[in-house]
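What follows is the content of model_24.pdb, which has PDB, C-alpha atoms and all ligand atoms:
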MODEL        1
ATOM      1  CA  MET P  72     105.878 -14.221 -82.024
ATOM      2  CA  ALA P  73     105.715 -12.485 -85.376
ATOM      3  CA  ALA P  74     102.331 -12.183 -87.026
ATOM      4  CA  THR P  75     101.811 -14.133 -90.246
ATOM      5  CA  ILE P  76     100.337 -12.256 -93.188
ATOM      6  CA  LEU P  77      98.850 -13.945 -96.224
ATOM      7  CA  VAL P  78      99.210 -11.826 -99.363
ATOM      8  CA  VAL P  79      96.789 -12.804-102.124
ATOM      9  CA  GLU P  80      97.927 -10.962-105.237
ATOM     10  CA  ASP P  81      98.387 -12.221-108.796
ATOM     11  CA  GLU P  82     100.668  -9.365-109.900
ATOM     12  CA  ALA P  83     104.092 -10.873-109.182
ATOM     13  CA  SER P  84     105.941  -7.557-108.937
ATOM     14  CA  LEU P  85     103.483  -6.063-106.448
ATOM     15  CA  ALA P  86     103.435  -9.283-104.433
ATOM     16  CA  GLU P  87     107.222  -9.104-104.235
ATOM     17  CA  ILE P  88     107.179  -5.476-103.058
ATOM     18  CA  LEU P  89     104.626  -6.359-100.399
ATOM     19  CA  ARG P  90     106.623  -9.356 -99.249
ATOM     20  CA  TYR P  91     109.826  -7.321 -99.036
ATOM     21  CA  ASN P  92     108.246  -4.516 -97.036
ATOM     22  CA  LEU P  93     106.238  -6.741 -94.722
ATOM     23  CA  GLU P  94     109.274  -8.899 -93.976
ATOM     24  CA  ALA P  95     111.271  -5.746 -93.270
ATOM     25  CA  GLU P  96     108.669  -4.953 -90.578
ATOM     26  CA  GLY P  97     109.226  -8.386 -89.065
ATOM     27  CA  PHE P  98     106.128 -10.166 -90.355
ATOM     28  CA  VAL P  99     106.091 -13.712 -91.705
ATOM     29  CA  VAL P 100     104.726 -13.538 -95.251
ATOM     30  CA  LEU P 101     102.807 -16.174 -97.198
ATOM     31  CA  HIS P 102     101.950 -15.510-100.801
ATOM     32  CA  ALA P 103      99.225 -16.910-103.032
ATOM     33  CA  ALA P 104      98.661 -15.827-106.631
ATOM     34  CA  THR P 105      95.233 -17.443-106.942
ATOM     35  CA  GLY P 106      92.161 -17.827-104.791
ATOM     36  CA  GLU P 107      92.550 -21.592-104.731
ATOM     37  CA  ASP P 108      96.100 -21.375-103.376
ATOM     38  CA  ALA P 109      94.992 -18.738-100.903
ATOM     39  CA  GLU P 110      92.274 -21.003 -99.497
ATOM     40  CA  VAL P 111      94.719 -23.870 -99.046
ATOM     41  CA  LEU P 112      97.354 -21.649 -97.384
ATOM     42  CA  ALA P 113      94.810 -20.002 -95.099
ATOM     43  CA  GLU P 114      93.494 -23.392 -94.027
ATOM     44  CA  GLU P 115      96.960 -24.850 -93.427
ATOM     45  CA  ARG P 116      98.781 -21.910 -91.876
ATOM     46  CA  GLY P 117      96.088 -19.858 -90.133
ATOM     47  CA  PRO P 118      97.398 -16.363 -90.959
ATOM     48  CA  ASP P 119      96.844 -13.435 -88.577
ATOM     49  CA  LEU P 120      95.851 -11.104 -91.385
ATOM     50  CA  ILE P 121      95.008 -11.389 -95.078
ATOM     51  CA  VAL P 122      95.884  -8.783 -97.715
ATOM     52  CA  LEU P 123      93.523  -9.567-100.551
ATOM     53  CA  ASP P 124      93.551  -8.248-104.104
ATOM     54  CA  TRP P 125      90.119  -7.566-105.555
ATOM     55  CA  MET P 126      91.026  -8.496-109.135
ATOM     56  CA  LEU P 127      92.196 -12.106-109.218
ATOM     57  CA  PRO P 128      92.010 -14.713-111.970
ATOM     58  CA  SER P 129      89.101 -17.193-111.624
ATOM     59  CA  VAL P 130      87.910 -16.701-108.024
ATOM     60  CA  SER P 131      87.540 -12.939-107.398
ATOM     61  CA  GLY P 132      88.737 -11.212-104.265
ATOM     62  CA  ILE P 133      85.142 -10.495-103.271
ATOM     63  CA  GLU P 134      84.146 -14.139-103.592
ATOM     64  CA  LEU P 135      87.270 -15.201-101.725
ATOM     65  CA  CYS P 136      86.484 -12.732 -98.967
ATOM     66  CA  ARG P 137      83.027 -14.306 -98.614
ATOM     67  CA  ARG P 138      84.548 -17.777 -98.424
ATOM     68  CA  PHE P 139      87.073 -16.725 -95.786
ATOM     69  CA  ARG P 140      84.265 -15.239 -93.722
ATOM     70  CA  SER P 141      82.149 -18.374 -93.958
ATOM     71  CA  ARG P 142      84.855 -20.695 -92.609
ATOM     72  CA  GLN P 143      85.646 -21.304 -88.995
ATOM     73  CA  GLN P 144      89.418 -21.026 -89.509
ATOM     74  CA  THR P 145      89.330 -17.593 -91.154
ATOM     75  CA  ARG P 146      86.071 -16.137 -89.823
ATOM     76  CA  ALA P 147      87.746 -13.644 -87.509
ATOM     77  CA  VAL P 148      90.955 -12.962 -89.460
ATOM     78  CA  PRO P 149      91.268  -9.283 -90.450
ATOM     79  CA  ILE P 150      91.074  -8.794 -94.219
ATOM     80  CA  LEU P 151      92.491  -5.785 -96.028
ATOM     81  CA  MET P 152      91.305  -5.454 -99.613
ATOM     82  CA  LEU P 153      93.510  -4.006-102.352
ATOM     83  CA  THR P 154      91.781  -2.616-105.356
ATOM     84  CA  ALA P 155      92.144  -0.325-108.332
ATOM     85  CA  ARG P 156      88.520   0.697-108.025
ATOM     86  CA  GLY P 157      87.934   3.866-106.131
ATOM     87  CA  GLU P 158      84.184   4.031-106.535
ATOM     88  CA  GLU P 159      82.259   4.507-103.338
ATOM     89  CA  ALA P 160      79.810   1.745-104.308
ATOM     90  CA  ASP P 161      82.661  -0.746-104.705
ATOM     91  CA  ARG P 162      84.149   0.309-101.418
ATOM     92  CA  VAL P 163      80.877  -0.325 -99.665
ATOM     93  CA  ARG P 164      80.498  -3.624-101.460
ATOM     94  CA  GLY P 165      83.987  -4.721-100.417
ATOM     95  CA  LEU P 166      83.326  -3.884 -96.796
ATOM     96  CA  SER P 167      79.886  -5.472 -96.834
ATOM     97  CA  THR P 168      81.336  -8.815 -97.934
ATOM     98  CA  GLY P 169      83.411  -8.858 -94.789
ATOM     99  CA  ALA P 170      86.633  -6.968 -95.518
ATOM    100  CA  ASP P 171      87.821  -4.923 -92.541
ATOM    101  CA  ASP P 172      89.576  -2.238 -94.496
ATOM    102  CA  TYR P 173      90.201  -1.187 -98.020
ATOM    103  CA  VAL P 174      93.154   0.409 -99.850
ATOM    104  CA  VAL P 175      92.946   1.771-103.380
ATOM    105  CA  LYS P 176      95.786   1.105-105.818
ATOM    106  CA  PRO P 177      98.168   2.758-106.352
ATOM    107  CA  PHE P 178      98.620   3.107-102.603
ATOM    108  CA  SER P 179     101.472   4.486-100.564
ATOM    109  CA  LEU P 180     103.385   1.745 -98.760
ATOM    110  CA  PRO P 181     103.636   3.596 -95.442
ATOM    111  CA  GLU P 182      99.867   4.040 -95.499
ATOM    112  CA  LEU P 183      99.305   0.366 -96.242
ATOM    113  CA  MET P 184     101.706  -0.637 -93.462
ATOM    114  CA  ALA P 185      99.953   1.687 -91.037
ATOM    115  CA  ARG P 186      96.561   0.175 -91.907
ATOM    116  CA  ILE P 187      97.941  -3.345 -91.477
ATOM    117  CA  ARG P 188      99.374  -2.491 -88.083
ATOM    118  CA  ALA P 189      96.123  -0.858 -87.034
ATOM    119  CA  LEU P 190      94.121  -3.951 -88.042
ATOM    120  CA  LEU P 191      96.514  -6.261 -86.231
ATOM    121  CA  ARG P 192      96.475  -4.080 -83.154
ATOM    122  CA  ARG P 193      92.703  -4.286 -83.067
ATOM    123  CA  ALA P 194      92.638  -8.049 -83.638
ATOM    124  CA  SER P 195      95.612  -9.167 -81.572
ATOM    125  CA  PRO P 196      97.207  -6.342 -79.612
ATOM    126  CA  ASP P 197     100.086  -8.494 -78.397
ATOM    127  CA  ARG P 198     101.366  -9.046 -81.934
ATOM    128  CA  VAL P 199     102.314  -5.448 -82.691
ATOM    129  CA  ALA P 200     104.985  -3.650 -80.718
ATOM    130  CA  GLU P 201     103.222  -1.027 -78.637
ATOM    131  CA  VAL P 202     106.473   0.517 -77.534
ATOM    132  CA  LEU P 203     109.249   1.511 -79.920
ATOM    133  CA  ARG P 204     112.670   1.929 -78.325
ATOM    134  CA  PHE P 205     116.006   3.246 -79.387
ATOM    135  CA  ALA P 206     118.760   3.783 -76.807
ATOM    136  CA  ASP P 207     117.094   5.909 -74.089
ATOM    137  CA  ILE P 208     114.223   7.038 -76.346
ATOM    138  CA  GLU P 209     110.860   5.364 -75.918
ATOM    139  CA  LEU P 210     107.693   5.898 -77.938
ATOM    140  CA  ASP P 211     104.570   4.366 -76.428
ATOM    141  CA  ARG P 212     101.886   4.000 -79.075
ATOM    142  CA  ALA P 213      99.154   2.995 -76.664
ATOM    143  CA  ALA P 214      99.694   5.975 -74.390
ATOM    144  CA  HIS P 215     100.804   8.235 -77.263
ATOM    145  CA  LYS P 216     103.769   9.344 -75.177
ATOM    146  CA  VAL P 217     107.461   9.818 -75.772
ATOM    147  CA  LYS P 218     110.185   9.648 -73.144
ATOM    148  CA  ARG P 219     113.890  10.182 -73.203
ATOM    149  CA  GLY P 220     115.361   8.554 -70.117
ATOM    150  CA  HIS P 221     113.035   9.701 -67.321
ATOM    151  CA  ARG P 222     112.085  12.894 -69.102
ATOM    152  CA  ASP P 223     108.743  13.295 -70.870
ATOM    153  CA  VAL P 224     109.223  14.610 -74.393
ATOM    154  CA  ARG P 225     106.349  16.776 -75.534
ATOM    155  CA  LEU P 226     105.735  16.661 -79.255
ATOM    156  CA  GLY P 227     103.165  18.156 -81.590
ATOM    157  CA  PRO P 228     101.126  15.646 -83.635
ATOM    158  CA  THR P 229     103.348  15.971 -86.713
ATOM    159  CA  GLU P 230     106.587  15.573 -84.749
ATOM    160  CA  TYR P 231     105.090  12.549 -82.984
ATOM    161  CA  ARG P 232     104.161  10.893 -86.271
ATOM    162  CA  LEU P 233     107.565  11.814 -87.713
ATOM    163  CA  LEU P 234     109.360  10.213 -84.772
ATOM    164  CA  GLU P 235     107.141   7.121 -84.970
ATOM    165  CA  TYR P 236     107.935   6.792 -88.661
ATOM    166  CA  VAL P 237     111.701   7.149 -88.323
ATOM    167  CA  MET P 238     111.709   4.768 -85.330
ATOM    168  CA  GLU P 239     109.936   2.209 -87.494
ATOM    169  CA  ASN P 240     112.744   2.559 -90.022
ATOM    170  CA  PRO P 241     115.925   2.719 -87.935
ATOM    171  CA  GLY P 242     119.258   2.929 -89.697
ATOM    172  CA  ARG P 243     117.679   3.628 -93.074
ATOM    173  CA  VAL P 244     118.327   6.825 -94.975
ATOM    174  CA  LEU P 245     114.907   8.365 -95.538
ATOM    175  CA  SER P 246     114.535  10.966 -98.248
ATOM    176  CA  ARG P 247     112.359  14.024 -97.744
ATOM    177  CA  ALA P 248     109.953  12.581-100.301
ATOM    178  CA  GLN P 249     109.711   9.310 -98.340
ATOM    179  CA  LEU P 250     109.107  11.208 -95.120
ATOM    180  CA  LEU P 251     106.427  13.332 -96.757
ATOM    181  CA  ASP P 252     104.780  10.199 -98.087
ATOM    182  CA  GLY P 253     104.988   8.337 -94.805
ATOM    183  CA  VAL P 254     104.082  11.125 -92.409
ATOM    184  CA  TRP P 255     101.930  13.579 -94.323
ATOM    185  CA  GLY P 256     100.475  11.128 -96.849
ATOM    186  CA  ARG P 257     100.776  10.871-100.573
ATOM    187  CA  ASP P 258      98.203  13.504-101.427
ATOM    188  CA  ALA P 259      99.341  16.151 -99.003
ATOM    189  CA  PHE P 260     100.380  19.415-100.586
ATOM    190  CA  VAL P 261     103.467  20.065 -98.537
ATOM    191  CA  ASP P 262     106.829  21.441 -99.564
ATOM    192  CA  GLU P 263     109.891  19.279 -98.909
ATOM    193  CA  ARG P 264     111.368  22.058 -96.796
ATOM    194  CA  THR P 265     108.482  21.502 -94.380
ATOM    195  CA  VAL P 266     110.165  18.212 -93.515
ATOM    196  CA  ASP P 267     113.313  20.080 -92.462
ATOM    197  CA  VAL P 268     111.279  22.396 -90.252
ATOM    198  CA  HIS P 269     109.605  19.510 -88.441
ATOM    199  CA  ILE P 270     112.849  17.543 -88.132
ATOM    200  CA  GLY P 271     114.298  20.685 -86.540
ATOM    201  CA  ARG P 272     111.434  20.837 -84.023
ATOM    202  CA  LEU P 273     111.709  17.129 -83.305
ATOM    203  CA  ARG P 274     115.439  17.449 -82.612
ATOM    204  CA  LYS P 275     114.878  20.414 -80.352
ATOM    205  CA  ALA P 276     112.352  18.455 -78.303
ATOM    206  CA  LEU P 277     114.429  15.273 -78.204
ATOM    207  CA  VAL P 278     117.893  16.609 -77.524
ATOM    208  CA  ARG P 279     118.687  18.422 -74.286
ATOM    209  CA  GLY P 280     122.141  19.563 -73.230
ATOM    210  CA  ARG P 281     124.770  17.022 -74.153
ATOM    211  CA  GLU P 282     122.391  14.257 -75.184
ATOM    212  CA  ALA P 283     123.230  12.584 -78.486
ATOM    213  CA  ASP P 284     121.188  13.580 -81.535
ATOM    214  CA  PRO P 285     119.594  10.346 -82.827
ATOM    215  CA  ILE P 286     118.891  11.916 -86.212
ATOM    216  CA  ARG P 287     121.659  12.467 -88.712
ATOM    217  CA  THR P 288     121.280  14.688 -91.748
ATOM    218  CA  VAL P 289     122.605  13.011 -94.879
ATOM    219  CA  ARG P 290     123.556  15.757 -97.279
ATOM    220  CA  GLY P 291     121.627  15.560-100.516
ATOM    221  CA  ALA P 292     119.792  12.407 -99.409
ATOM    222  CA  GLY P 293     117.661  12.997 -96.336
ATOM    223  CA  TYR P 294     117.768  11.799 -92.767
ATOM    224  CA  VAL P 295     118.717   8.665 -90.907
ATOM    225  CA  PHE P 296     117.545   7.790 -87.406
ATOM    226  CA  GLY P 297     119.159   5.514 -84.895
ATOM    227  CA  GLU P 298     122.544   4.527 -86.202
ATOM    228  CA  ARG P 299     124.212   2.348 -83.594
ATOM    229  CA  SER P 300     127.780   3.094 -84.542
ATOM    230  CA  ARG P 301     127.884   6.756 -83.581
TER     231      ARG P 301
HETATM  232 CA    CA H   1      95.219  -8.413-109.514
ENDMDL
END
Before anything else, please render the file you have as C-alpha cells.
Amino acid sequence: MAATILVVEDEASLAEILRYNLEAEGFVVLHAATGEDAEVLAEERGPDLIVLDWMLPSVSGIELCRRFRSRQQTRAVPILMLTARGEEADRVRGLSTGADDYVVKPFSLPELMARIRALLRRASPDRVAEVLRFADIELDRAAHKVKRGHRDVRLGPTEYRLLEYVMENPGRVLSRAQLLDGVWGRDAFVDERTVDVHIGRLRKALVRGREADPIRTVRGAGYVFGERSR
C-alpha cells in the first residue's frame, strides 16, 4: 500500500511541484495550505508522513508541529520541516519542537525525496521499496547490493548511487545537470563530464558479454535508463 504524505505549504506553486514529484514516486498526496486544514486532514486521513512549511499564515509551522506531536493520531508521524531559514538556531528549534528532519529552501528535489524515503524507511520499512528491479537487474537498498541475474555487480559508492537514482526514474531522460543534482548534490563542484565517466564505469560493471545495456545515451540531452521497448 502506498504511503500517504500530507504536504502543508501555502505557496501554491511549490505545493504543486511537491505533489507532482511525490505522486510520480507512487505516494498518495494530501495538500493543506493552512494549519487549520492540515489539522483536519491529519486527523481524518492519518498520513504516514508530514512535509511541513515553517512559514504559514496564522498558525506557524512550529506551532503546528507542536500540535501534531501532542495528539495521539499524529504523535509518531515523521515530520519533515521546510524552511527558508538556514540559521543553526532555527534548525535546532525546529528539531526540538518535534520535527524529524529539516530541509532549507531552496532545496533540491532529489535530496528532499531521499530524505522523505529515509524517514519513511525508519518509520515504516514496509512502505518503501527496499529492492528496485528492472529486467534482470536488482538493487537491494537494505543490503546495499546489486545483482544482474545471479551475478553480483560490484560498484563504487558513486556508481551505486547513480544506479539507484536512474532506477528510481526509469524511462525518463535525465540530463547531466539532473544527475549531478540527484547523485552528487546541488552544491557539489563537479564537472558535467564527470557524469559521463561514472556512467561509463556503471555500464562496464553492469554489462557483460552480450547482455543488453540498460542505459541509453540521448545525444544532447543526457541518459535514459530502463526503456522497455528496446
Ligand atoms: Ca510558506
Which residues are near ligand CA 1 (chain H) in this structure, taking near to mean any atom at most 7 Å from a ligand atom and counting all atoms listed in the file? Format them as a VMD selection string.
chain P and resid 80 to 82 124 to 127
May I ask which of the residues P:Arg272, P:Leu112, P:Asp252, P:Leu123 is the closest one to Leu89 in chain P, counting all atoms listed in the file?
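Of P:Arg272, P:Leu112, P:Asp252, P:Leu123, the one nearest Leu89 in chain P is P:Leu123, counting all atoms listed in the file.
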With only C-alpha atoms as the atoms that count, which of P:Glu230, P:Glu87, P:Glu134, P:Glu94 lies nearest to Glu110 in chain P?
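Result for the nearest residue to Glu110 in chain P: P:Glu134.
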Which polymer residues, whether protein, DNA or RNA, lie within 7 Å of the coordinate (100.6, -8.7, -96.8) when you count all atoms listed in the file? List them as a PyMOL selection string, using the chain letters and numbers from the file.
chain P and resi 76-78+89-90+93+100+121-122
Distance of CA of Val254 in chain P from CA of Ala214 in chain P, expressed in Å to one decimal place:
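Computing it gives 19.2 Å between the two atoms.
Here CA of Lys218 in chain P is placed at a distance of 15.9 Å from CA of Ile286 in chain P.
In this comparison, which uses all atoms listed in the file, the residue of P:Ala104, P:Ile187, P:Val111, P:Leu245 approaching Leu151 in chain P most closely is P:Ile187.
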So, with only C-alpha atoms as the atoms that count, which of P:Thr145, P:Ser131, P:Thr168, P:Thr154 lies closest to Glu114 in chain P?
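Ranking P:Thr145, P:Ser131, P:Thr168, P:Thr154 by distance to Glu114 in chain P, first place goes to P:Thr145.
Distance-wise, CA of Leu233 in chain P and CA of Ser179 in chain P end up 16.0 Å apart.
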Name the closest residue to Arg290 in chain P among the candidates P:Ala113, P:Leu251, P:Val244, P:Leu273; distances are taken between atoms, counting only C-alpha atoms.
P:Val244
Report as an MDAnalysis selection string the residues that result from applying the PyMOL selection byres (((chain P and resi 292-295) around 12) and not hetatm) to the structure here.
chainID P and resid 233:234 236:251 263:264 266:267 270:271 274 284:291 296:299 301
Go ahead and save the residues from that selection, with C-alpha atoms, as an mmCIF file, in the frame of the given file.
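Done, and the output landed in result-v3.cif:
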data_model
loop_
_atom_site.group_PDB
_atom_site.id
_atom_site.type_symbol
_atom_site.label_atom_id
_atom_site.label_comp_id
_atom_site.auth_asym_id
_atom_site.auth_seq_id
_atom_site.Cartn_x
_atom_site.Cartn_y
_atom_site.Cartn_z
ATOM 1 C CA LEU P 233 107.565 11.814 -87.713
ATOM 2 C CA LEU P 234 109.360 10.213 -84.772
ATOM 3 C CA TYR P 236 107.935 6.792 -88.661
ATOM 4 C CA VAL P 237 111.701 7.149 -88.323
ATOM 5 C CA MET P 238 111.709 4.768 -85.330
ATOM 6 C CA GLU P 239 109.936 2.209 -87.494
ATOM 7 C CA ASN P 240 112.744 2.559 -90.022
ATOM 8 C CA PRO P 241 115.925 2.719 -87.935
ATOM 9 C CA GLY P 242 119.258 2.929 -89.697
ATOM 10 C CA ARG P 243 117.679 3.628 -93.074
ATOM 11 C CA VAL P 244 118.327 6.825 -94.975
ATOM 12 C CA LEU P 245 114.907 8.365 -95.538
ATOM 13 C CA SER P 246 114.535 10.966 -98.248
ATOM 14 C CA ARG P 247 112.359 14.024 -97.744
ATOM 15 C CA ALA P 248 109.953 12.581 -100.301
ATOM 16 C CA GLN P 249 109.711 9.310 -98.340
ATOM 17 C CA LEU P 250 109.107 11.208 -95.120
ATOM 18 C CA LEU P 251 106.427 13.332 -96.757
ATOM 19 C CA GLU P 263 109.891 19.279 -98.909
ATOM 20 C CA ARG P 264 111.368 22.058 -96.796
ATOM 21 C CA VAL P 266 110.165 18.212 -93.515
ATOM 22 C CA ASP P 267 113.313 20.080 -92.462
ATOM 23 C CA ILE P 270 112.849 17.543 -88.132
ATOM 24 C CA GLY P 271 114.298 20.685 -86.540
ATOM 25 C CA ARG P 274 115.439 17.449 -82.612
ATOM 26 C CA ASP P 284 121.188 13.580 -81.535
ATOM 27 C CA PRO P 285 119.594 10.346 -82.827
ATOM 28 C CA ILE P 286 118.891 11.916 -86.212
ATOM 29 C CA ARG P 287 121.659 12.467 -88.712
ATOM 30 C CA THR P 288 121.280 14.688 -91.748
ATOM 31 C CA VAL P 289 122.605 13.011 -94.879
ATOM 32 C CA ARG P 290 123.556 15.757 -97.279
ATOM 33 C CA GLY P 291 121.627 15.560 -100.516
ATOM 34 C CA PHE P 296 117.545 7.790 -87.406
ATOM 35 C CA GLY P 297 119.159 5.514 -84.895
ATOM 36 C CA GLU P 298 122.544 4.527 -86.202
ATOM 37 C CA ARG P 299 124.212 2.348 -83.594
ATOM 38 C CA ARG P 301 127.884 6.756 -83.581
#
First collect every listed atom of range 141-146 of chain P; then fit an axis-aligned box around them, widen it by 4 Å on each side, and give centre and edge lengths in Å to one decimal, as AutoDock Vina command-line options.
--center_x 85.8 --center_y -18.7 --center_z -91.5 --size_x 15.3 --size_y 13.2 --size_z 13.0
